[in-house]
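Visitor: Below is input_12.txt; it holds compact mmCIF, C-alpha atoms and all ligand atoms.
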# COMPACT_ATOMS: atom_id res chain seq x y z
CA MET A 1 12.41 -16.52 6.71
CA ARG A 2 10.18 -15.69 3.76
CA LYS A 3 8.38 -12.37 3.71
CA LYS A 4 4.68 -12.36 4.55
CA ILE A 5 2.71 -10.64 1.81
CA ILE A 6 -0.99 -9.81 1.93
CA ALA A 7 -2.59 -8.49 -1.25
CA GLY A 8 -6.13 -7.20 -1.61
CA ASN A 9 -7.73 -7.90 -4.98
CA TRP A 10 -10.58 -5.42 -5.24
CA LYS A 11 -11.80 -7.05 -8.48
CA MET A 12 -14.42 -4.93 -10.30
CA ASN A 13 -15.51 -3.02 -7.18
CA LYS A 14 -15.35 0.65 -6.12
CA ASP A 15 -15.63 3.69 -8.36
CA VAL A 16 -13.11 6.50 -7.95
CA GLU A 17 -14.90 8.14 -5.05
CA GLU A 18 -15.51 4.87 -3.19
CA SER A 19 -11.89 3.87 -3.78
CA ALA A 20 -10.67 7.13 -2.29
CA GLN A 21 -12.81 6.54 0.76
CA LEU A 22 -11.51 3.01 1.30
CA LEU A 23 -7.90 4.09 0.77
CA GLU A 24 -8.25 6.95 3.26
CA GLU A 25 -9.63 4.49 5.80
CA LEU A 26 -6.85 2.00 5.06
CA LYS A 27 -4.26 4.67 5.61
CA LYS A 28 -5.57 5.21 9.13
CA GLN A 29 -5.16 1.55 10.08
CA THR A 30 -2.15 0.37 12.04
CA LEU A 31 -0.48 -2.37 10.01
CA ALA A 32 2.12 -4.82 11.32
CA PRO A 33 5.48 -3.47 10.09
CA GLY A 34 6.99 -6.82 9.05
CA VAL A 35 4.22 -7.58 6.55
CA THR A 36 3.99 -6.27 2.98
CA ALA A 37 0.46 -5.00 2.32
CA ILE A 38 -0.62 -4.49 -1.29
CA VAL A 39 -3.85 -3.10 -2.71
CA CYS A 40 -4.98 -3.91 -6.25
CA PRO A 41 -7.82 -1.53 -7.11
CA PRO A 42 -9.39 -1.25 -10.56
CA TYR A 43 -7.32 0.60 -13.20
CA THR A 44 -9.51 3.68 -12.91
CA SER A 45 -8.52 4.16 -9.26
CA LEU A 46 -4.76 3.65 -9.58
CA THR A 47 -3.74 7.30 -9.79
CA GLU A 48 -6.03 8.20 -6.92
CA ALA A 49 -4.45 5.35 -4.93
CA VAL A 50 -0.96 6.71 -5.55
CA ARG A 51 -2.03 10.15 -4.41
CA ILE A 52 -3.71 8.90 -1.24
CA LEU A 53 -1.12 6.27 -0.31
CA LYS A 54 1.81 8.69 -0.65
CA GLY A 55 3.96 8.30 2.47
CA SER A 56 2.19 5.07 3.46
CA SER A 57 3.87 1.65 3.41
CA ILE A 58 0.99 0.15 1.43
CA GLN A 59 2.08 -0.96 -2.04
CA LEU A 60 0.11 -0.79 -5.25
CA GLY A 61 -0.76 -3.52 -7.71
CA ALA A 62 -2.91 -4.03 -10.81
CA GLN A 63 -5.30 -6.89 -11.54
CA ASP A 64 -4.09 -7.76 -15.03
CA VAL A 65 -1.85 -6.52 -17.83
CA SER A 66 -1.80 -6.70 -21.60
CA LEU A 67 0.71 -8.86 -23.38
CA GLN A 68 1.19 -6.10 -25.94
CA ASP A 69 3.50 -3.13 -25.42
CA ASP A 70 1.37 -0.51 -27.14
CA GLY A 71 -0.73 0.13 -30.20
CA ALA A 72 -4.14 -0.78 -31.53
CA TYR A 73 -5.44 -3.03 -28.74
CA THR A 74 -8.67 -1.37 -27.65
CA GLY A 75 -9.40 -1.77 -23.98
CA GLU A 76 -5.96 -3.09 -23.03
CA ILE A 77 -3.53 -1.62 -20.48
CA SER A 78 0.22 -2.06 -20.98
CA ILE A 79 2.90 -2.80 -18.42
CA ARG A 80 4.49 0.60 -19.11
CA MET A 81 1.19 2.29 -18.24
CA LEU A 82 0.96 0.32 -15.00
CA LYS A 83 4.54 1.16 -14.12
CA SER A 84 4.02 4.85 -14.76
CA ALA A 85 0.78 4.74 -12.75
CA GLY A 86 2.82 3.58 -9.74
CA CYS A 87 2.21 -0.18 -9.66
CA SER A 88 4.86 -2.53 -8.31
CA TYR A 89 2.79 -5.72 -8.52
CA VAL A 90 0.48 -7.26 -11.12
CA ILE A 91 -1.95 -10.14 -10.58
CA VAL A 92 -1.85 -12.47 -13.58
CA GLY A 93 -3.96 -15.49 -14.39
CA HIS A 94 -6.64 -15.03 -11.77
CA SER A 95 -9.19 -17.85 -12.02
CA GLU A 96 -11.81 -15.30 -13.09
CA ARG A 97 -9.58 -14.37 -16.05
CA ARG A 98 -9.09 -18.07 -16.80
CA GLN A 99 -12.84 -18.72 -16.57
CA TYR A 100 -14.40 -15.65 -18.23
CA PHE A 101 -11.63 -14.60 -20.59
CA LYS A 102 -10.26 -18.05 -21.39
CA GLU A 103 -6.71 -17.23 -20.30
CA SER A 104 -4.39 -20.21 -20.69
CA ASP A 105 -1.26 -21.16 -18.76
CA GLU A 106 0.70 -20.18 -21.85
CA LEU A 107 -0.74 -16.67 -21.95
CA ILE A 108 -0.35 -16.27 -18.18
CA ASN A 109 3.27 -17.39 -18.46
CA ALA A 110 3.90 -14.76 -21.16
CA LYS A 111 2.26 -12.09 -19.00
CA ALA A 112 4.35 -13.10 -15.97
CA LYS A 113 7.50 -12.79 -18.09
CA LYS A 114 6.39 -9.37 -19.35
CA VAL A 115 5.88 -8.18 -15.75
CA LEU A 116 9.29 -9.52 -14.66
CA ALA A 117 11.06 -8.03 -17.66
CA ASN A 118 9.76 -4.63 -16.65
CA GLY A 119 10.95 -4.92 -13.06
CA LEU A 120 7.54 -5.47 -11.46
CA THR A 121 6.42 -8.47 -9.42
CA PRO A 122 3.81 -10.85 -10.85
CA ILE A 123 1.32 -12.51 -8.51
CA VAL A 124 0.55 -15.62 -10.52
CA CYS A 125 -2.63 -17.51 -9.67
CA VAL A 126 -3.24 -21.25 -9.80
CA GLY A 127 -5.95 -23.47 -8.35
CA GLU A 128 -8.33 -26.33 -9.06
CA THR A 129 -12.10 -26.22 -9.54
CA LEU A 130 -14.55 -28.10 -7.31
CA GLN A 131 -15.04 -30.70 -10.02
CA GLU A 132 -11.30 -31.26 -10.27
CA ARG A 133 -10.93 -31.56 -6.48
CA GLU A 134 -13.82 -34.00 -6.27
CA GLY A 135 -12.35 -35.93 -9.18
CA GLY A 136 -9.14 -36.38 -7.18
CA ILE A 137 -6.97 -34.50 -9.69
CA THR A 138 -6.00 -31.43 -7.61
CA GLU A 139 -2.33 -32.41 -7.62
CA LYS A 140 -2.28 -33.00 -11.37
CA ILE A 141 -4.05 -29.71 -12.13
CA VAL A 142 -1.93 -27.57 -9.83
CA THR A 143 1.28 -29.23 -11.05
CA THR A 144 0.37 -28.58 -14.69
CA GLN A 145 -0.54 -24.97 -13.93
CA VAL A 146 2.61 -24.21 -11.92
CA LYS A 147 4.85 -25.82 -14.57
CA GLY A 148 2.98 -23.92 -17.28
CA VAL A 149 3.08 -20.50 -15.69
CA MET A 150 6.75 -20.82 -14.64
CA ALA A 151 7.94 -22.27 -17.98
CA GLY A 152 11.15 -20.62 -19.17
CA ILE A 153 11.43 -18.31 -16.17
CA PRO A 154 15.05 -18.57 -15.04
CA ALA A 155 15.96 -19.23 -11.40
CA GLU A 156 17.06 -15.65 -10.74
CA ASP A 157 13.61 -14.39 -11.80
CA ALA A 158 11.64 -17.27 -10.28
CA ALA A 159 12.53 -16.14 -6.78
CA LYS A 160 10.80 -12.81 -7.52
CA VAL A 161 7.50 -14.41 -8.51
CA ILE A 162 4.64 -14.63 -6.03
CA ILE A 163 2.42 -17.67 -6.56
CA ALA A 164 -1.15 -17.47 -5.29
CA TYR A 165 -2.87 -20.79 -4.71
CA GLU A 166 -6.57 -20.06 -5.00
CA PRO A 167 -8.83 -23.11 -5.08
CA VAL A 168 -11.64 -21.95 -7.36
CA TRP A 169 -14.29 -23.56 -5.13
CA ALA A 170 -13.19 -21.37 -2.23
CA ILE A 171 -13.37 -18.04 -4.08
CA GLY A 172 -16.25 -15.85 -3.01
CA THR A 173 -18.14 -18.86 -1.68
CA GLY A 174 -17.37 -18.56 2.02
CA LYS A 175 -15.92 -22.10 1.79
CA THR A 176 -12.30 -21.84 2.82
CA ALA A 177 -9.86 -24.66 2.34
CA SER A 178 -9.02 -25.95 5.80
CA PRO A 179 -5.53 -24.96 6.93
CA ALA A 180 -4.46 -28.59 6.44
CA GLN A 181 -5.96 -28.77 2.93
CA ALA A 182 -4.27 -25.52 1.95
CA GLN A 183 -0.93 -26.52 3.49
CA GLU A 184 -1.02 -29.81 1.60
CA VAL A 185 -1.21 -28.02 -1.77
CA HIS A 186 1.28 -25.32 -0.73
CA LYS A 187 3.74 -28.05 0.21
CA LEU A 188 3.15 -29.71 -3.12
CA ILE A 189 3.90 -26.40 -4.88
CA ARG A 190 7.08 -25.93 -2.81
CA THR A 191 8.25 -29.45 -3.65
CA LEU A 192 7.52 -28.89 -7.32
CA LEU A 193 9.46 -25.60 -7.28
CA THR A 194 12.36 -27.44 -5.67
CA SER A 195 12.41 -29.91 -8.55
CA LEU A 196 12.01 -27.16 -11.16
CA TYR A 197 14.71 -24.93 -9.62
CA SER A 198 16.45 -25.76 -6.34
CA ALA A 199 15.63 -25.91 -2.64
CA THR A 200 17.17 -22.46 -2.19
CA VAL A 201 15.00 -20.87 -4.89
CA ALA A 202 11.87 -22.75 -3.77
CA ASP A 203 12.50 -21.55 -0.27
CA GLU A 204 12.51 -17.93 -1.38
CA ILE A 205 9.28 -18.00 -3.42
CA VAL A 206 6.29 -16.53 -1.63
CA VAL A 207 3.19 -18.73 -2.00
CA GLN A 208 -0.02 -17.00 -0.98
CA TYR A 209 -3.35 -18.65 -0.24
CA GLY A 210 -6.57 -17.12 -1.56
CA GLY A 211 -10.23 -18.06 -1.23
CA SER A 212 -12.58 -16.68 1.41
CA VAL A 213 -9.77 -15.47 3.66
CA LYS A 214 -11.35 -13.51 6.51
CA PRO A 215 -10.05 -12.01 9.75
CA ASP A 216 -11.34 -15.00 11.69
CA ASN A 217 -9.60 -17.69 9.62
CA ALA A 218 -6.48 -15.78 8.55
CA LYS A 219 -4.34 -16.55 11.57
CA GLU A 220 -4.68 -20.30 11.33
CA LEU A 221 -4.12 -20.34 7.55
CA LEU A 222 -1.13 -18.02 7.78
CA SER A 223 0.51 -20.05 10.52
CA GLN A 224 0.96 -23.02 8.16
CA LEU A 225 4.56 -23.72 7.23
CA ASP A 226 4.25 -23.10 3.48
CA ILE A 227 1.59 -20.37 3.48
CA ASP A 228 3.40 -17.07 3.13
CA GLY A 229 0.54 -14.67 2.79
CA ALA A 230 -2.90 -14.22 1.34
CA LEU A 231 -4.64 -12.91 -1.75
CA VAL A 232 -7.85 -11.49 -0.37
CA GLY A 233 -11.04 -10.69 -2.27
CA GLY A 234 -14.22 -9.78 -0.44
CA ALA A 235 -12.60 -9.06 2.92
CA CYS A 236 -10.24 -6.45 1.45
CA LEU A 237 -13.15 -4.15 0.58
CA LYS A 238 -13.37 -3.03 4.20
CA ALA A 239 -10.35 -1.31 5.75
CA ASP A 240 -10.68 -2.90 9.18
CA SER A 241 -10.99 -6.47 7.90
CA PHE A 242 -8.08 -6.05 5.47
CA ALA A 243 -5.97 -4.62 8.29
CA ALA A 244 -6.99 -7.48 10.59
CA ILE A 245 -5.78 -10.00 7.98
CA VAL A 246 -2.47 -8.15 7.58
CA ASN A 247 -2.08 -8.12 11.34
CA ALA A 248 -2.91 -11.82 11.63
CA CYS A 249 0.49 -12.65 10.07
P1 LIG A 301 -12.57 -14.03 -1.90
O1 LIG A 301 -11.62 -13.66 -0.77
O2 LIG A 301 -13.68 -13.08 -2.05
O3 LIG A 301 -12.97 -15.45 -1.81
O4 LIG A 301 -11.71 -13.89 -3.25
C1 LIG A 301 -10.47 -14.48 -3.34
C2 LIG A 301 -9.82 -14.03 -4.59
O5 LIG A 301 -10.24 -14.40 -5.67
C3 LIG A 301 -8.68 -13.11 -4.48
O6 LIG A 301 -8.04 -12.96 -5.69
How does the structure come out when it is put into structure tokens?
Guide:
Amino acid sequence: MRKKIIAGNWKMNKDVEESAQLLEELKKQTLAPGVTAIVCPPYTSLTEAVRILKGSSIQLGAQDVSLQDDGAYTGEISIRMLKSAGCSYVIVGHSERRQYFKESDELINAKAKKVLANGLTPIVCVGETLQEREGGITEKIVTTQVKGVMAGIPAEDAAKVIIAYEPVWAIGTGKTASPAQAQEVHKLIRTLLTSLYSATVADEIVVQYGGSVKPDNAKELLSQLDIDGALVGGACLKADSFAAIVNAC
């Protein structure tokens, strides 16, 4: 049985005070014990998150990482900084980074390797745009992305990677992929991982779904055979809806 993992990607929301409020509320929620719950607040709220979440089972993640270790890279945050701030997870290659910051599969692959090499867990995002889905090339796009982001990652590390399938057309739009649509792509990813590694490794890799996951659609999505969790945007900004998604597992 694969672990169920729910991560909340806060994106560029919540200042320090608002973050503290949300984290305090999250701490009061009862969360299903068998599920790993992760919050990924903005960098500026990470230390506050560590302070507030002390003694809680909720894990901490970051939304991106620099490829560089240190030095003259204004505005960047290194993996060592994230580690020392208390992060165990790092989202890499989110579609918003691909779209607005032109991140390529190659760069995302290098970031995933950097995260793994430092003992943290990358949550690597893939997913097709609306145009690509309508053009009938979802399979081709997702296959290229998964191959690209996993390139050169050995089997023993591959099992530690979390893949998040986030169809771009479902992000922040309220349009969720139907459970069957999502399962179809998750199965494709699992089959691809089997051919890249082995059935045993593919079976261990957690593949999350992301894109307008809400308390009222989480249960059906999460009950699909190859959907092992969710990467949640909008609905993670309220403690009760995030908790409801965790508890829908
Ligand atoms: P929404 O849940 O707001 O659609 O965002 C999904 C997402 O991009 C999570 O990384």
Visitor: Around all of ligand LIG 301 (chain A)'s listed atoms, make the axis-aligned box with 4 Å on each side and tell me centre and edge lengths in Å to one decimal, as lines of an AutoDock Vina configuration file.
Guide:
center_x = -10.9
center_y = -14.2
center_z = -3.2
size_x = 13.6
size_y = 10.5
size_z = 12.9
Visitor: Find the residues near Ala49 (chain A): any atom within 8 Å, counting all atoms listed in the file, skip ones fewer than 6 places away on the same chain, and give them as a list in words.
Guide: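 Residues near the query, excluding close chain neighbours: Ser19, Ala20, Leu23, Pro41 and Leu60 of chain A.
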Visitor: Quick one: contact table of chain A to ligand LIG 301 (chain A), 8 Å max, nearest atom pair and distance in Å to one decimal per residue, counting only C-alpha atoms and all ligand atoms, chain and number order, as JSON lines?
Guide:
{"residue": "A:Gly8", "atom": "CA", "partner": "A:LIG301", "partner_atom": "C3", "distance": 7.0}
{"residue": "A:Asn9", "atom": "CA", "partner": "A:LIG301", "partner_atom": "O6", "distance": 5.1}
{"residue": "A:Trp10", "atom": "CA", "partner": "A:LIG301", "partner_atom": "C3", "distance": 8.0}
{"residue": "A:Lys11", "atom": "CA", "partner": "A:LIG301", "partner_atom": "O6", "distance": 7.5}
{"residue": "A:His94", "atom": "CA", "partner": "A:LIG301", "partner_atom": "O6", "distance": 6.6}
{"residue": "A:Ser95", "atom": "CA", "partner": "A:LIG301", "partner_atom": "O5", "distance": 7.3}
{"residue": "A:Glu96", "atom": "CA", "partner": "A:LIG301", "partner_atom": "O5", "distance": 7.6}
{"residue": "A:Glu166", "atom": "CA", "partner": "A:LIG301", "partner_atom": "O5", "distance": 6.8}
{"residue": "A:Val168", "atom": "CA", "partner": "A:LIG301", "partner_atom": "O5", "distance": 7.9}
{"residue": "A:Ala170", "atom": "CA", "partner": "A:LIG301", "partner_atom": "O3", "distance": 5.9}
{"residue": "A:Ile171", "atom": "CA", "partner": "A:LIG301", "partner_atom": "O3", "distance": 3.5}
{"residue": "A:Gly172", "atom": "CA", "partner": "A:LIG301", "partner_atom": "O3", "distance": 3.5}
{"residue": "A:Thr173", "atom": "CA", "partner": "A:LIG301", "partner_atom": "O3", "distance": 6.2}
{"residue": "A:Gly174", "atom": "CA", "partner": "A:LIG301", "partner_atom": "O3", "distance": 6.6}
{"residue": "A:Thr176", "atom": "CA", "partner": "A:LIG301", "partner_atom": "O3", "distance": 7.9}
{"residue": "A:Gly210", "atom": "CA", "partner": "A:LIG301", "partner_atom": "C1", "distance": 5.0}
{"residue": "A:Gly211", "atom": "CA", "partner": "A:LIG301", "partner_atom": "O3", "distance": 3.8}
{"residue": "A:Ser212", "atom": "CA", "partner": "A:LIG301", "partner_atom": "O3", "distance": 3.5}
{"residue": "A:Val213", "atom": "CA", "partner": "A:LIG301", "partner_atom": "O1", "distance": 5.1}
{"residue": "A:Lys214", "atom": "CA", "partner": "A:LIG301", "partner_atom": "O1", "distance": 7.3}
{"residue": "A:Leu231", "atom": "CA", "partner": "A:LIG301", "partner_atom": "C3", "distance": 4.9}
{"residue": "A:Val232", "atom": "CA", "partner": "A:LIG301", "partner_atom": "O1", "distance": 4.4}
{"residue": "A:Gly233", "atom": "CA", "partner": "A:LIG301", "partner_atom": "O1", "distance": 3.4}
{"residue": "A:Gly234", "atom": "CA", "partner": "A:LIG301", "partner_atom": "O2", "distance": 3.7}
{"residue": "A:Ala235", "atom": "CA", "partner": "A:LIG301", "partner_atom": "O1", "distance": 6.0}
{"residue": "A:Cys236", "atom": "CA", "partner": "A:LIG301", "partner_atom": "O1", "distance": 7.7}
Visitor: Neighbours of Leu196 (chain A) within 12 Å (only C-alpha atoms; same-chain residues fewer than 2 positions away dropped), as a PyMOL selection string?
Guide: chain A and resi 143+146-148+150-155+158-159+189-194+198-202
Visitor: Measuring atom to atom with all atoms listed in the file, identify which of A:Val126, A:Ile137, A:Ala112, A:Ile227 is nearest to Gln208 (chain A).
Guide: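 Answer, going by the shortest atom-to-atom distance: A:Ile227.
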Visitor: May I have a table of the residues of region 100-214 of chain A lying at most 8 Å from region 79-84 of chain A, giving each one's closest pair of atoms and their distance in Å to one decimal, counting all atoms listed in the file, ordered by chain and ascending residue number, as a Markdown table?
Guide:
| residue | atom | partner | partner_atom | distance |
| --- | --- | --- | --- | --- |
| A:Lys114 | CA | A:Ile79 | CA | 7.5 |
| A:Val115 | CA | A:Ile79 | CA | 6.7 |
| A:Asn118 | CA | A:Ile79 | CA | 7.3 |
| A:Leu120 | CA | A:Lys83 | CA | 7.7 |
Visitor: Show me, as a list in words, the residues that have an atom within 9 Å of Leu225 (chain A) when counting all atoms listed in the file, minus same-chain residues fewer than 5 positions from it.
Guide: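 That gives Gln183, His186 and Lys187 of chain A.
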Visitor: Please, what distance in Å, to one decimal, runs between CA of Ser56 (chain A) and CA of Gln21 (chain A)?
Guide: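 Interatomic distance, CA of Ser56 (chain A) to CA of Gln21 (chain A): 15.3 Å.
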Visitor: Which residues are close to region 128-132 of chain A, i.e. within 7 Å by all atoms listed in the file, leaving aside same-chain residues fewer than 5 positions away? Reply as a PyMOL selection string.
Guide: chain A and resi 137-138+141-142+167-169
